[in-house]
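Chemist: Here you go, this is final.pdb (PDB, C-alpha atoms).
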ATOM      1  CA  MET A1248      -8.157  26.314 -12.233  1.00  0.00           C
ATOM      2  CA  ARG A1249      -9.091  23.546 -14.573  1.00  0.00           C
ATOM      3  CA  LYS A1250     -12.724  23.300 -15.516  1.00  0.00           C
ATOM      4  CA  THR A1251     -14.894  22.501 -12.502  1.00  0.00           C
ATOM      5  CA  GLU A1252     -18.496  22.817 -11.472  1.00  0.00           C
ATOM      6  CA  LEU A1253     -17.727  26.183  -9.847  1.00  0.00           C
ATOM      7  CA  THR A1254     -20.670  28.301 -10.931  1.00  0.00           C
ATOM      8  CA  GLU A1255     -21.492  31.984 -10.772  1.00  0.00           C
ATOM      9  CA  ALA A1256     -24.235  31.108  -8.287  1.00  0.00           C
ATOM     10  CA  ALA A1257     -21.663  29.420  -6.026  1.00  0.00           C
ATOM     11  CA  LEU A1258     -19.386  32.460  -6.278  1.00  0.00           C
ATOM     12  CA  ARG A1259     -22.263  34.822  -5.422  1.00  0.00           C
ATOM     13  CA  LYS A1260     -23.149  32.661  -2.405  1.00  0.00           C
ATOM     14  CA  ALA A1261     -19.500  32.737  -1.312  1.00  0.00           C
ATOM     15  CA  VAL A1262     -19.524  36.551  -1.421  1.00  0.00           C
ATOM     16  CA  GLU A1263     -22.720  36.646   0.636  1.00  0.00           C
ATOM     17  CA  GLU A1264     -21.106  34.385   3.233  1.00  0.00           C
ATOM     18  CA  MET A1265     -17.896  36.423   3.320  1.00  0.00           C
ATOM     19  CA  ALA A1266     -19.857  39.676   3.664  1.00  0.00           C
ATOM     20  CA  ALA A1267     -21.527  38.068   6.699  1.00  0.00           C
ATOM     21  CA  GLY A1268     -18.090  37.350   8.184  1.00  0.00           C
ATOM     22  CA  LEU A1269     -17.722  33.707   7.145  1.00  0.00           C
ATOM     23  CA  ILE A1270     -14.141  33.793   5.868  1.00  0.00           C
ATOM     24  CA  ASP A1271     -11.963  30.691   6.179  1.00  0.00           C
ATOM     25  CA  ALA A1272      -8.641  32.519   6.467  1.00  0.00           C
ATOM     26  CA  ASP A1273      -7.358  36.073   6.221  1.00  0.00           C
ATOM     27  CA  LEU A1274      -4.047  35.784   4.359  1.00  0.00           C
ATOM     28  CA  GLY A1275      -3.193  39.474   4.780  1.00  0.00           C
ATOM     29  CA  SER A1276      -2.931  42.490   2.491  1.00  0.00           C
ATOM     30  CA  GLY A1277      -6.537  42.203   1.333  1.00  0.00           C
ATOM     31  CA  VAL A1278      -6.444  38.496   0.405  1.00  0.00           C
ATOM     32  CA  VAL A1279      -8.797  35.989   2.033  1.00  0.00           C
ATOM     33  CA  LYS A1280      -9.410  32.286   1.480  1.00  0.00           C
ATOM     34  CA  LYS A1281     -12.910  30.875   1.130  1.00  0.00           C
ATOM     35  CA  ARG A1282     -14.001  27.294   0.572  1.00  0.00           C
ATOM     36  CA  VAL A1283     -16.695  26.927  -2.063  1.00  0.00           C
ATOM     37  CA  GLY A1284     -18.765  23.778  -2.401  1.00  0.00           C
ATOM     38  CA  LEU A1285     -18.921  21.900  -5.671  1.00  0.00           C
ATOM     39  CA  ALA A1286     -21.885  19.827  -6.779  1.00  0.00           C
ATOM     40  CA  GLY A1287     -21.974  16.530  -4.918  1.00  0.00           C
ATOM     41  CA  ARG A1288     -18.824  17.261  -2.903  1.00  0.00           C
ATOM     42  CA  GLY A1289     -19.713  20.105  -0.572  1.00  0.00           C
ATOM     43  CA  LYS A1290     -17.163  22.592   0.757  1.00  0.00           C
ATOM     44  CA  ARG A1291     -14.779  20.055   2.273  1.00  0.00           C
ATOM     45  CA  GLY A1292     -14.153  18.383  -1.097  1.00  0.00           C
ATOM     46  CA  GLY A1293     -14.752  21.493  -3.164  1.00  0.00           C
ATOM     47  CA  ALA A1294     -12.701  24.415  -4.350  1.00  0.00           C
ATOM     48  CA  ARG A1295     -10.547  26.862  -2.439  1.00  0.00           C
ATOM     49  CA  THR A1296     -10.793  30.419  -3.701  1.00  0.00           C
ATOM     50  CA  LEU A1297      -8.550  33.356  -2.971  1.00  0.00           C
ATOM     51  CA  VAL A1298     -10.338  36.677  -3.003  1.00  0.00           C
ATOM     52  CA  ALA A1299      -9.169  40.283  -2.891  1.00  0.00           C
ATOM     53  CA  THR A1300     -11.425  42.370  -0.684  1.00  0.00           C
ATOM     54  CA  LYS A1301     -11.717  45.235   1.745  1.00  0.00           C
ATOM     55  CA  LYS A1302     -14.551  43.181   3.273  1.00  0.00           C
ATOM     56  CA  SER A1303     -17.126  45.695   2.120  1.00  0.00           C
ATOM     57  CA  ASP A1304     -18.342  46.243  -1.423  1.00  0.00           C
ATOM     58  CA  ARG A1305     -15.485  44.831  -3.519  1.00  0.00           C
ATOM     59  CA  TRP A1306     -14.798  41.135  -3.968  1.00  0.00           C
ATOM     60  CA  PHE A1307     -12.357  39.988  -6.654  1.00  0.00           C
ATOM     61  CA  PHE A1308     -11.845  36.275  -7.224  1.00  0.00           C
ATOM     62  CA  LEU A1309      -8.104  35.961  -7.840  1.00  0.00           C
ATOM     63  CA  TYR A1310      -7.400  32.261  -7.906  1.00  0.00           C
ATOM     64  CA  GLY A1311      -9.087  28.955  -7.288  1.00  0.00           C
ATOM     65  CA  PHE A1312      -7.949  25.399  -6.856  1.00  0.00           C
ATOM     66  CA  GLN A1313      -9.365  22.076  -5.803  1.00  0.00           C
ATOM     67  CA  LYS A1314      -8.103  20.651  -2.553  1.00  0.00           C
ATOM     68  CA  ASN A1315      -7.007  17.437  -4.260  1.00  0.00           C
ATOM     69  CA  ASP A1316      -4.949  19.438  -6.821  1.00  0.00           C
ATOM     70  CA  ARG A1317      -2.761  21.227  -4.279  1.00  0.00           C
ATOM     71  CA  SER A1318      -2.676  21.850  -0.568  1.00  0.00           C
ATOM     72  CA  ASN A1319      -1.486  25.441  -0.438  1.00  0.00           C
ATOM     73  CA  LEU A1320       0.291  28.351  -2.123  1.00  0.00           C
ATOM     74  CA  SER A1321       3.965  29.138  -1.983  1.00  0.00           C
ATOM     75  CA  ASP A1322       5.073  32.326  -0.238  1.00  0.00           C
ATOM     76  CA  GLU A1323       5.983  33.787  -3.630  1.00  0.00           C
ATOM     77  CA  GLU A1324       2.535  33.031  -5.059  1.00  0.00           C
ATOM     78  CA  LEU A1325       0.859  34.632  -2.049  1.00  0.00           C
ATOM     79  CA  GLU A1326       3.021  37.755  -2.354  1.00  0.00           C
ATOM     80  CA  THR A1327       2.086  38.030  -6.043  1.00  0.00           C
ATOM     81  CA  LEU A1328      -1.619  37.666  -5.266  1.00  0.00           C
ATOM     82  CA  GLN A1329      -1.332  40.282  -2.507  1.00  0.00           C
ATOM     83  CA  ALA A1330       0.230  42.722  -5.001  1.00  0.00           C
ATOM     84  CA  ILE A1331      -2.557  42.034  -7.498  1.00  0.00           C
ATOM     85  CA  ALA A1332      -5.115  42.540  -4.719  1.00  0.00           C
ATOM     86  CA  ALA A1333      -3.609  45.925  -3.841  1.00  0.00           C
ATOM     87  CA  ASP A1334      -3.838  47.021  -7.481  1.00  0.00           C
ATOM     88  CA  LEU A1335      -7.450  45.865  -7.865  1.00  0.00           C
ATOM     89  CA  LEU A1336      -8.611  47.370  -4.587  1.00  0.00           C
ATOM     90  CA  ALA A1337      -7.098  50.730  -5.533  1.00  0.00           C
ATOM     91  CA  LEU A1338      -9.124  51.021  -8.769  1.00  0.00           C
ATOM     92  CA  THR A1339     -11.819  53.682  -8.975  1.00  0.00           C
ATOM     93  CA  HIS A1340     -15.378  52.803  -9.977  1.00  0.00           C
ATOM     94  CA  GLU A1341     -14.703  54.358 -13.390  1.00  0.00           C
ATOM     95  CA  GLN A1342     -11.578  52.228 -13.858  1.00  0.00           C
ATOM     96  CA  LEU A1343     -13.506  49.112 -12.872  1.00  0.00           C
ATOM     97  CA  ASP A1344     -16.284  49.919 -15.348  1.00  0.00           C
ATOM     98  CA  GLU A1345     -13.690  50.395 -18.097  1.00  0.00           C
ATOM     99  CA  ALA A1346     -11.963  47.097 -17.236  1.00  0.00           C
ATOM    100  CA  VAL A1347     -15.307  45.284 -17.493  1.00  0.00           C
ATOM    101  CA  ARG A1348     -16.059  46.982 -20.832  1.00  0.00           C
ATOM    102  CA  ARG A1349     -12.650  45.942 -22.180  1.00  0.00           C
ATOM    103  CA  GLY A1350     -13.089  42.396 -20.898  1.00  0.00           C
ATOM    104  CA  THR A1351     -10.092  42.633 -18.575  1.00  0.00           C
ATOM    105  CA  LEU A1352     -12.399  41.901 -15.630  1.00  0.00           C
ATOM    106  CA  GLN A1353     -15.615  39.935 -15.616  1.00  0.00           C
ATOM    107  CA  GLU A1354     -18.430  41.044 -13.373  1.00  0.00           C
ATOM    108  CA  ILE A1355     -20.631  38.445 -11.744  1.00  0.00           C
ATOM    109  CA  GLY A1356     -24.099  39.805 -11.208  1.00  0.00           C
TER     110      GLY A1356
END
Please, can you express the file's structure as structure tokens?
Modeler:
Amino acid sequence: MRKTELTEAALRKAVEEMAAGLIDADLGSGVVKKRVGLAGRGKRGGARTLVATKKSDRWFFLYGFQKNDRSNLSDEELETLQAIAADLLALTHEQLDEAVRRGTLQEIG
């Protein structure tokens, strides 16, 4: 996603909302869609994020886009994101820690 006002605080708030059951769409195979508000635009004019999750303790932001940039994903893009989600959700805690240390994944605190 091109540079936006999407902040770590907004991403943390999105996770809190999703953990409480506020998910915009379940796209299957561990991928969900969540609208995230951007400064001055709110959720309706903000970003759409695609997240890999088991809806418990793991939330991986896979992809984000602004509504005015595109309306949706192709079937092929969704299948690719679902495969990535499966890989991420299968990682052990040790593998996740190593990925963060290497810089392959970034943890938002």
Chemist: Got a sec to resolve the PyMOL selection byres ((chain A and resi 1270) around 10) on this structure and send the residues as a list in words?
Modeler: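 That expression, the PyMOL selection byres ((chain A and resi 1270) around 10), corresponds here to Ala1261, Val1262, Glu1264, Met1265, Ala1266, Ala1267, Gly1268, Leu1269, Asp1271, Ala1272, Asp1273, Val1279, Lys1280, Lys1281, Arg1282 and Lys1302 of chain A.
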Chemist: Quick one: residues within 12 Å of A:Gln1353, all atoms listed in the file, excluding same-chain residues fewer than 6 positions away - as number ranges by chain?
Modeler: A: 1255, 1306-1309, 1343-1347
Chemist: List every protein, DNA or RNA residue with an atom no more than 12 Å from (-1.8, 44.7, -6.5) in the file's coordinates, counting only C-alpha atoms, and format the result as a list in words.
Modeler: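 Here is the list of nearby residues: Ser1276, Gly1277, Val1278, Ala1299, Thr1300, Phe1307, Leu1309, Leu1325, Glu1326, Thr1327, Leu1328, Gln1329, Ala1330, Ile1331, Ala1332, Ala1333, Asp1334, Leu1335, Leu1336, Ala1337 and Leu1338 of chain A.
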Chemist: Residues near A:Leu1320, anyone? I mean within 12 Å using only C-alpha atoms, not counting same-chain ones fewer than 3 positions away, as a PDB file with C-alpha atoms, keeping the file's coordinate frame.
Modeler:
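Printed below is around.pdb as written:
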ATOM      1  CA  LEU A1274      -4.047  35.784   4.359  1.00  0.00           C
ATOM      2  CA  LYS A1280      -9.410  32.286   1.480  1.00  0.00           C
ATOM      3  CA  ARG A1295     -10.547  26.862  -2.439  1.00  0.00           C
ATOM      4  CA  THR A1296     -10.793  30.419  -3.701  1.00  0.00           C
ATOM      5  CA  LEU A1297      -8.550  33.356  -2.971  1.00  0.00           C
ATOM      6  CA  TYR A1310      -7.400  32.261  -7.906  1.00  0.00           C
ATOM      7  CA  GLY A1311      -9.087  28.955  -7.288  1.00  0.00           C
ATOM      8  CA  PHE A1312      -7.949  25.399  -6.856  1.00  0.00           C
ATOM      9  CA  LYS A1314      -8.103  20.651  -2.553  1.00  0.00           C
ATOM     10  CA  ASP A1316      -4.949  19.438  -6.821  1.00  0.00           C
ATOM     11  CA  ARG A1317      -2.761  21.227  -4.279  1.00  0.00           C
ATOM     12  CA  GLU A1323       5.983  33.787  -3.630  1.00  0.00           C
ATOM     13  CA  GLU A1324       2.535  33.031  -5.059  1.00  0.00           C
ATOM     14  CA  LEU A1325       0.859  34.632  -2.049  1.00  0.00           C
ATOM     15  CA  GLU A1326       3.021  37.755  -2.354  1.00  0.00           C
ATOM     16  CA  THR A1327       2.086  38.030  -6.043  1.00  0.00           C
ATOM     17  CA  LEU A1328      -1.619  37.666  -5.266  1.00  0.00           C
TER      18      LEU A1328
END
Chemist: How big is the axis-aligned box around all listed atoms of stretch 1303-1319 of chain A once 5 Å goes on each side, and where's its centre, in Å to one decimal, as lines of an AutoDock Vina configuration file?
Modeler:
center_x = -9.9
center_y = 31.8
center_z = -2.9
size_x = 26.9
size_y = 38.8
size_z = 20.0
Chemist: Rounded to one decimal, what separation in Å do you get between atom CA of A:Asn1315 and atom CA of A:Ala1257?
Modeler: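 We find that atom CA of A:Asn1315 and atom CA of A:Ala1257 lie 19.0 Å from each other.
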Chemist: Closest to A:Thr1254 among A:Ser1321, A:Gly1284, A:Arg1305, A:Thr1339, using all atoms listed in the file?
Modeler: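 Going through A:Ser1321, A:Gly1284, A:Arg1305, A:Thr1339 one by one, the smallest distance to A:Thr1254 is for A:Gly1284.
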Chemist: Between A:Asn1319, A:Asp1304, A:Leu1258, A:Gln1313, which has the minimum distance to A:His1340 (counting all atoms listed in the file)?
Modeler: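 Closest to A:His1340, using all atoms listed in the file: A:Asp1304.
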Chemist: State, in Å with one decimal place, the distance from atom CA of A:Arg1348 to atom CA of A:Val1298.
Modeler: 21.4 Å
Chemist: Could you check how far atom CA of A:Glu1263 sits from atom CA of A:Ser1303, in Å to one decimal?
Modeler: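 Here the two named atoms are 10.7 Å from each other.
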Chemist: Can you pull out the residues contacting A:Leu1253? Cut-off 9 Å, using all atoms listed in the file, and skip same-chain residues under 3 positions away; I want them as a short mmCIF file (atom, residue, chain, number, x, y, z; two decimals) with C-alpha atoms, in the coordinates of the input.
Modeler:
data_model
loop_
_atom_site.label_atom_id
_atom_site.label_comp_id
_atom_site.auth_asym_id
_atom_site.auth_seq_id
_atom_site.Cartn_x
_atom_site.Cartn_y
_atom_site.Cartn_z
CA LYS A 1250 -12.72 23.30 -15.52
CA ALA A 1256 -24.24 31.11 -8.29
CA ALA A 1257 -21.66 29.42 -6.03
CA LEU A 1258 -19.39 32.46 -6.28
CA VAL A 1283 -16.70 26.93 -2.06
CA GLY A 1284 -18.76 23.78 -2.40
CA LEU A 1285 -18.92 21.90 -5.67
CA ALA A 1286 -21.88 19.83 -6.78
CA GLY A 1293 -14.75 21.49 -3.16
CA ALA A 1294 -12.70 24.42 -4.35
#
